[in-house]
Amino acid sequence: MYFAALLARTEDGWEASDTELDDVETLSDLADLAREASPDEDTVLVLIEQEDAWFGVVRVDGEEDPRIYVSDAAAAARSSYGEILLTDELLGREPGDDGDDLDALDLDGTEDGESDDDEDGGDGADAAAGAGESVPHGPVGDAEVLDDLGVSEKELRAMSGDAVGEIAEALGALDVLETVR
């Protein structure tokens, strides 16, 4: 079960709206969705949470590049919404590397893959091991994404469970968030 919300900072405080991510395929799409929530180019936070597995924060300030924090990259990688946040840049990979990773993952641990591994001398298994290393267990991204809003890096890294609620509470936006939950 996922929950995604937009928190837009305005002159009058935070405004919340729930959001459907079904039509969002890339980080660029997500950033555009966030920018639409704030015509004055104020700060917009996209908060995404999958039950107790992982959460992500995407911060968009006007036309600047989005800043991203993901609490557990490995858990998020198994989620279609998490994959949107786990960009090559965030994971420290060269753009285009994931094409090779996907091929390698198809070879890893499958009957068809085992025979393919034997044919290519086992290189597929080595590539698959590298693919696993490219998505670390644990947090990735900008842990200081909310520092200036009152949520320190240490506090963000310590969050679990209802992290979206904890973030909203720290921002003074819990009431507006609860209206869209």
# chains A, B, ... in the order shown; residues from 1 in each chain; ligands from 1

$ select_by_dssp --residues "stretch 22-68 of chain A" --states "strand (DSSP E)" --output "number ranges by chain"
A: 43-50, 54-61, 67-68

$ residues_around --residues "A:Glu11" --least-positions-apart "4" --cutoff "12 Å" --atoms "only C-alpha atoms" --output "PyMOL selection string"
chain A and resi 15+38+40-43

$ atom_distance --atom1 "atom CA of A:Ser160" --atom2 "atom CA of A:Leu86"
19.1 Å

$ select_by_dssp --residues "stretch 1-61 of chain A" --states "helix (DSSP H, G or I)" --output "VMD selection string"
chain A and resid 27 to 36

$ closest_atom_pairs --of "stretch 29-106 of chain A" --to "stretch 134-153 of chain A" --cutoff "8 Å" --atoms "only C-alpha atoms" --output "JSON lines"
{"residue": "A:Val57", "atom": "CA", "partner": "A:Val145", "partner_atom": "CA", "distance": 8.0}
{"residue": "A:Arg59", "atom": "CA", "partner": "A:Val145", "partner_atom": "CA", "distance": 7.0}
{"residue": "A:Arg67", "atom": "CA", "partner": "A:Asp142", "partner_atom": "CA", "distance": 6.5}
{"residue": "A:Ile68", "atom": "CA", "partner": "A:Gly141", "partner_atom": "CA", "distance": 5.5}
{"residue": "A:Tyr69", "atom": "CA", "partner": "A:Gly141", "partner_atom": "CA", "distance": 4.4}
{"residue": "A:Val70", "atom": "CA", "partner": "A:Val140", "partner_atom": "CA", "distance": 5.4}
{"residue": "A:Ser71", "atom": "CA", "partner": "A:Pro139", "partner_atom": "CA", "distance": 4.2}
{"residue": "A:Asp72", "atom": "CA", "partner": "A:Gly138", "partner_atom": "CA", "distance": 4.2}
{"residue": "A:Ala73", "atom": "CA", "partner": "A:His137", "partner_atom": "CA", "distance": 5.8}
{"residue": "A:Ala74", "atom": "CA", "partner": "A:His137", "partner_atom": "CA", "distance": 4.9}
{"residue": "A:Ala75", "atom": "CA", "partner": "A:His137", "partner_atom": "CA", "distance": 7.5}
{"residue": "A:Ala77", "atom": "CA", "partner": "A:Val135", "partner_atom": "CA", "distance": 7.3}
{"residue": "A:Leu90", "atom": "CA", "partner": "A:Gly141", "partner_atom": "CA", "distance": 5.8}
{"residue": "A:Leu91", "atom": "CA", "partner": "A:Ser134", "partner_atom": "CA", "distance": 6.5}
{"residue": "A:Gly92", "atom": "CA", "partner": "A:Ser134", "partner_atom": "CA", "distance": 7.8}
{"residue": "A:Arg93", "atom": "CA", "partner": "A:Ser134", "partner_atom": "CA", "distance": 7.3}

$ write_last_selection --atoms "N, CA and C atoms" --output "PDB file, in the first residue's frame"
ATOM      1  N   VAL A  57      11.481  11.370  -0.132  1.00  0.00           N
ATOM      2  CA  VAL A  57      11.179  12.795  -0.148  1.00  0.00           C
ATOM      3  C   VAL A  57      11.804  13.376  -1.400  1.00  0.00           C
ATOM      4  N   ARG A  59      12.191  17.084  -3.107  1.00  0.00           N
ATOM      5  CA  ARG A  59      11.997  18.519  -2.869  1.00  0.00           C
ATOM      6  C   ARG A  59      12.237  19.260  -4.182  1.00  0.00           C
ATOM      7  N   ARG A  67      15.698  17.583  -5.390  1.00  0.00           N
ATOM      8  CA  ARG A  67      16.570  16.956  -4.398  1.00  0.00           C
ATOM      9  C   ARG A  67      15.820  15.750  -3.855  1.00  0.00           C
ATOM     10  N   ILE A  68      16.511  14.629  -3.711  1.00  0.00           N
ATOM     11  CA  ILE A  68      15.851  13.367  -3.392  1.00  0.00           C
ATOM     12  C   ILE A  68      16.509  12.704  -2.197  1.00  0.00           C
ATOM     13  N   TYR A  69      15.670  12.118  -1.352  1.00  0.00           N
ATOM     14  CA  TYR A  69      16.135  11.245  -0.280  1.00  0.00           C
ATOM     15  C   TYR A  69      15.239  10.007  -0.273  1.00  0.00           C
ATOM     16  N   VAL A  70      15.848   8.836  -0.216  1.00  0.00           N
ATOM     17  CA  VAL A  70      15.120   7.571  -0.138  1.00  0.00           C
ATOM     18  C   VAL A  70      15.658   6.810   1.068  1.00  0.00           C
ATOM     19  N   SER A  71      14.755   6.356   1.939  1.00  0.00           N
ATOM     20  CA  SER A  71      15.172   5.724   3.196  1.00  0.00           C
ATOM     21  C   SER A  71      15.814   4.360   3.017  1.00  0.00           C
ATOM     22  N   ASP A  72      15.404   3.591   2.012  1.00  0.00           N
ATOM     23  CA  ASP A  72      15.978   2.267   1.768  1.00  0.00           C
ATOM     24  C   ASP A  72      15.934   1.998   0.267  1.00  0.00           C
ATOM     25  N   ALA A  73      17.071   2.162  -0.378  1.00  0.00           N
ATOM     26  CA  ALA A  73      17.136   2.043  -1.839  1.00  0.00           C
ATOM     27  C   ALA A  73      16.770   0.641  -2.314  1.00  0.00           C
ATOM     28  N   ALA A  74      17.226  -0.380  -1.613  1.00  0.00           N
ATOM     29  CA  ALA A  74      16.939  -1.752  -2.050  1.00  0.00           C
ATOM     30  C   ALA A  74      15.446  -2.040  -2.001  1.00  0.00           C
ATOM     31  N   ALA A  75      14.771  -1.605  -0.950  1.00  0.00           N
ATOM     32  CA  ALA A  75      13.317  -1.804  -0.859  1.00  0.00           C
ATOM     33  C   ALA A  75      12.608  -0.973  -1.928  1.00  0.00           C
ATOM     34  N   ALA A  77      13.739  -0.087  -4.790  1.00  0.00           N
ATOM     35  CA  ALA A  77      14.028  -0.627  -6.121  1.00  0.00           C
ATOM     36  C   ALA A  77      13.036  -1.707  -6.526  1.00  0.00           C
ATOM     37  N   LEU A  90      21.546   9.406  -8.542  1.00  0.00           N
ATOM     38  CA  LEU A  90      21.354   9.152  -7.120  1.00  0.00           C
ATOM     39  C   LEU A  90      22.117   7.910  -6.667  1.00  0.00           C
ATOM     40  N   LEU A  91      22.171   6.909  -7.543  1.00  0.00           N
ATOM     41  CA  LEU A  91      22.841   5.654  -7.211  1.00  0.00           C
ATOM     42  C   LEU A  91      24.318   5.649  -7.588  1.00  0.00           C
ATOM     43  N   GLY A  92      24.802   6.750  -8.168  1.00  0.00           N
ATOM     44  CA  GLY A  92      26.208   6.842  -8.533  1.00  0.00           C
ATOM     45  C   GLY A  92      26.584   6.001  -9.734  1.00  0.00           C
ATOM     46  N   ARG A  93      25.623   5.766 -10.626  1.00  0.00           N
ATOM     47  CA  ARG A  93      25.893   4.984 -11.834  1.00  0.00           C
ATOM     48  C   ARG A  93      25.994   5.913 -13.028  1.00  0.00           C
TER      49      ARG A  93
END

$ closest_residue --among "A:Ala173, A:Leu7, A:Ile167, A:Ile48" --to "A:Glu20" --atoms "only C-alpha atoms"
A:Ile48

$ residues_around --residues "A:Gln50" --least-positions-apart "5" --cutoff "9 Å" --atoms "only C-alpha atoms" --output "PyMOL selection string"
chain A and resi 1-4+55+76+79

$ write_last_selection --atoms "C-alpha atoms" --output "compact mmCIF listing (two decimals), in the first residue's frame"
# COMPACT_ATOMS: atom_id res chain seq x y z
CA MET A 1 0.00 0.00 0.00
CA TYR A 2 1.38 3.36 -1.05
CA PHE A 3 0.64 6.86 0.06
CA ALA A 4 1.84 9.90 -1.87
CA PHE A 55 9.79 6.34 2.19
CA ALA A 76 12.42 1.11 -3.14
CA SER A 79 8.65 -0.74 -6.20

$ closest_residue --among "A:Asp12, A:Trp54, A:Pro39, A:Ala31" --to "A:Arg157" --atoms "only C-alpha atoms"
A:Trp54

$ closest_residue --among "A:Asp61, A:Glu169, A:Asp88, A:Glu49" --to "A:Ala34" --atoms "only C-alpha atoms"
A:Asp61

$ residues_around --residues "A:Arg35" --least-positions-apart "6" --cutoff "12 Å" --atoms "only C-alpha atoms" --output "ChimeraX atom specification"
/A:6-9,28-29,41-46,58-66

$ closest_residue --among "A:Gly13, A:Gly56, A:Ile84, A:Asp32" --to "A:Leu156" --atoms "only C-alpha atoms"
A:Gly56

$ residues_around --residues "A:Thr179" --least-positions-apart "2" --cutoff "10 Å" --atoms "only C-alpha atoms" --output "PDB file with all heavy atoms, in the first residue's frame"
ATOM      1  N   ALA A  16      -1.660  20.824   1.425  1.00  0.00           N
ATOM      2  CA  ALA A  16      -1.433  19.420   1.071  1.00  0.00           C
ATOM      3  C   ALA A  16      -2.441  18.966   0.030  1.00  0.00           C
ATOM      4  O   ALA A  16      -3.575  19.435  -0.006  1.00  0.00           O
ATOM      5  CB  ALA A  16      -1.559  18.539   2.306  1.00  0.00           C
ATOM      6  N   SER A  17      -1.978  18.056  -0.808  1.00  0.00           N
ATOM      7  CA  SER A  17      -2.888  17.386  -1.736  1.00  0.00           C
ATOM      8  C   SER A  17      -2.365  15.978  -1.958  1.00  0.00           C
ATOM      9  O   SER A  17      -1.162  15.760  -2.006  1.00  0.00           O
ATOM     10  CB  SER A  17      -2.995  18.148  -3.058  1.00  0.00           C
ATOM     11  OG  SER A  17      -1.730  18.288  -3.665  1.00  0.00           O
ATOM     12  N   ASP A  18      -3.307  15.032  -2.022  1.00  0.00           N
ATOM     13  CA  ASP A  18      -2.851  13.684  -2.344  1.00  0.00           C
ATOM     14  C   ASP A  18      -2.651  13.645  -3.845  1.00  0.00           C
ATOM     15  O   ASP A  18      -3.163  14.471  -4.579  1.00  0.00           O
ATOM     16  CB  ASP A  18      -3.821  12.612  -1.863  1.00  0.00           C
ATOM     17  CG  ASP A  18      -5.194  12.712  -2.497  1.00  0.00           C
ATOM     18  OD1 ASP A  18      -5.538  13.782  -3.019  1.00  0.00           O
ATOM     19  OD2 ASP A  18      -5.927  11.707  -2.463  1.00  0.00           O
ATOM     20  N   LEU A 174       0.937  18.625   9.774  1.00  0.00           N
ATOM     21  CA  LEU A 174       0.264  17.353   9.990  1.00  0.00           C
ATOM     22  C   LEU A 174      -1.248  17.461   9.764  1.00  0.00           C
ATOM     23  O   LEU A 174      -1.852  16.593   9.142  1.00  0.00           O
ATOM     24  CB  LEU A 174       0.553  16.807  11.387  1.00  0.00           C
ATOM     25  CG  LEU A 174       0.000  15.410  11.680  1.00  0.00           C
ATOM     26  CD1 LEU A 174       0.536  14.387  10.685  1.00  0.00           C
ATOM     27  CD2 LEU A 174       0.340  14.991  13.098  1.00  0.00           C
ATOM     28  N   ASP A 175      -1.849  18.551  10.250  1.00  0.00           N
ATOM     29  CA  ASP A 175      -3.299  18.713  10.084  1.00  0.00           C
ATOM     30  C   ASP A 175      -3.694  18.752   8.611  1.00  0.00           C
ATOM     31  O   ASP A 175      -4.658  18.099   8.211  1.00  0.00           O
ATOM     32  CB  ASP A 175      -3.796  19.982  10.789  1.00  0.00           C
ATOM     33  CG  ASP A 175      -3.723  19.864  12.308  1.00  0.00           C
ATOM     34  OD1 ASP A 175      -3.641  18.723  12.810  1.00  0.00           O
ATOM     35  OD2 ASP A 175      -3.744  20.912  12.981  1.00  0.00           O
ATOM     36  N   VAL A 176      -2.942  19.487   7.788  1.00  0.00           N
ATOM     37  CA  VAL A 176      -3.303  19.566   6.363  1.00  0.00           C
ATOM     38  C   VAL A 176      -3.018  18.247   5.663  1.00  0.00           C
ATOM     39  O   VAL A 176      -3.752  17.855   4.750  1.00  0.00           O
ATOM     40  CB  VAL A 176      -2.631  20.750   5.636  1.00  0.00           C
ATOM     41  CG1 VAL A 176      -3.114  22.069   6.171  1.00  0.00           C
ATOM     42  CG2 VAL A 176      -1.117  20.664   5.674  1.00  0.00           C
ATOM     43  N   LEU A 177      -1.984  17.536   6.097  1.00  0.00           N
ATOM     44  CA  LEU A 177      -1.704  16.233   5.506  1.00  0.00           C
ATOM     45  C   LEU A 177      -2.817  15.241   5.839  1.00  0.00           C
ATOM     46  O   LEU A 177      -3.257  14.493   4.976  1.00  0.00           O
ATOM     47  CB  LEU A 177      -0.351  15.688   5.994  1.00  0.00           C
ATOM     48  CG  LEU A 177      -0.006  14.311   5.433  1.00  0.00           C
ATOM     49  CD1 LEU A 177       0.310  14.396   3.947  1.00  0.00           C
ATOM     50  CD2 LEU A 177       1.158  13.702   6.184  1.00  0.00           C
ATOM     51  N   ARG A 181      -5.268  12.288   3.662  1.00  0.00           N
ATOM     52  CA  ARG A 181      -4.986  10.859   3.869  1.00  0.00           C
ATOM     53  C   ARG A 181      -6.212  10.029   3.734  1.00  0.00           C
ATOM     54  O   ARG A 181      -7.198  10.004   4.127  1.00  0.00           O
ATOM     55  CB  ARG A 181      -4.364  10.618   5.231  1.00  0.00           C
ATOM     56  CG  ARG A 181      -2.895  10.403   5.073  1.00  0.00           C
ATOM     57  CD  ARG A 181      -2.298   9.850   6.322  1.00  0.00           C
ATOM     58  NE  ARG A 181      -0.860  10.019   6.137  1.00  0.00           N
ATOM     59  CZ  ARG A 181       0.031   9.447   6.872  1.00  0.00           C
ATOM     60  NH1 ARG A 181      -0.309   8.703   7.861  1.00  0.00           N
ATOM     61  NH2 ARG A 181       1.293   9.631   6.650  1.00  0.00           N
TER      62      ARG A 181
END
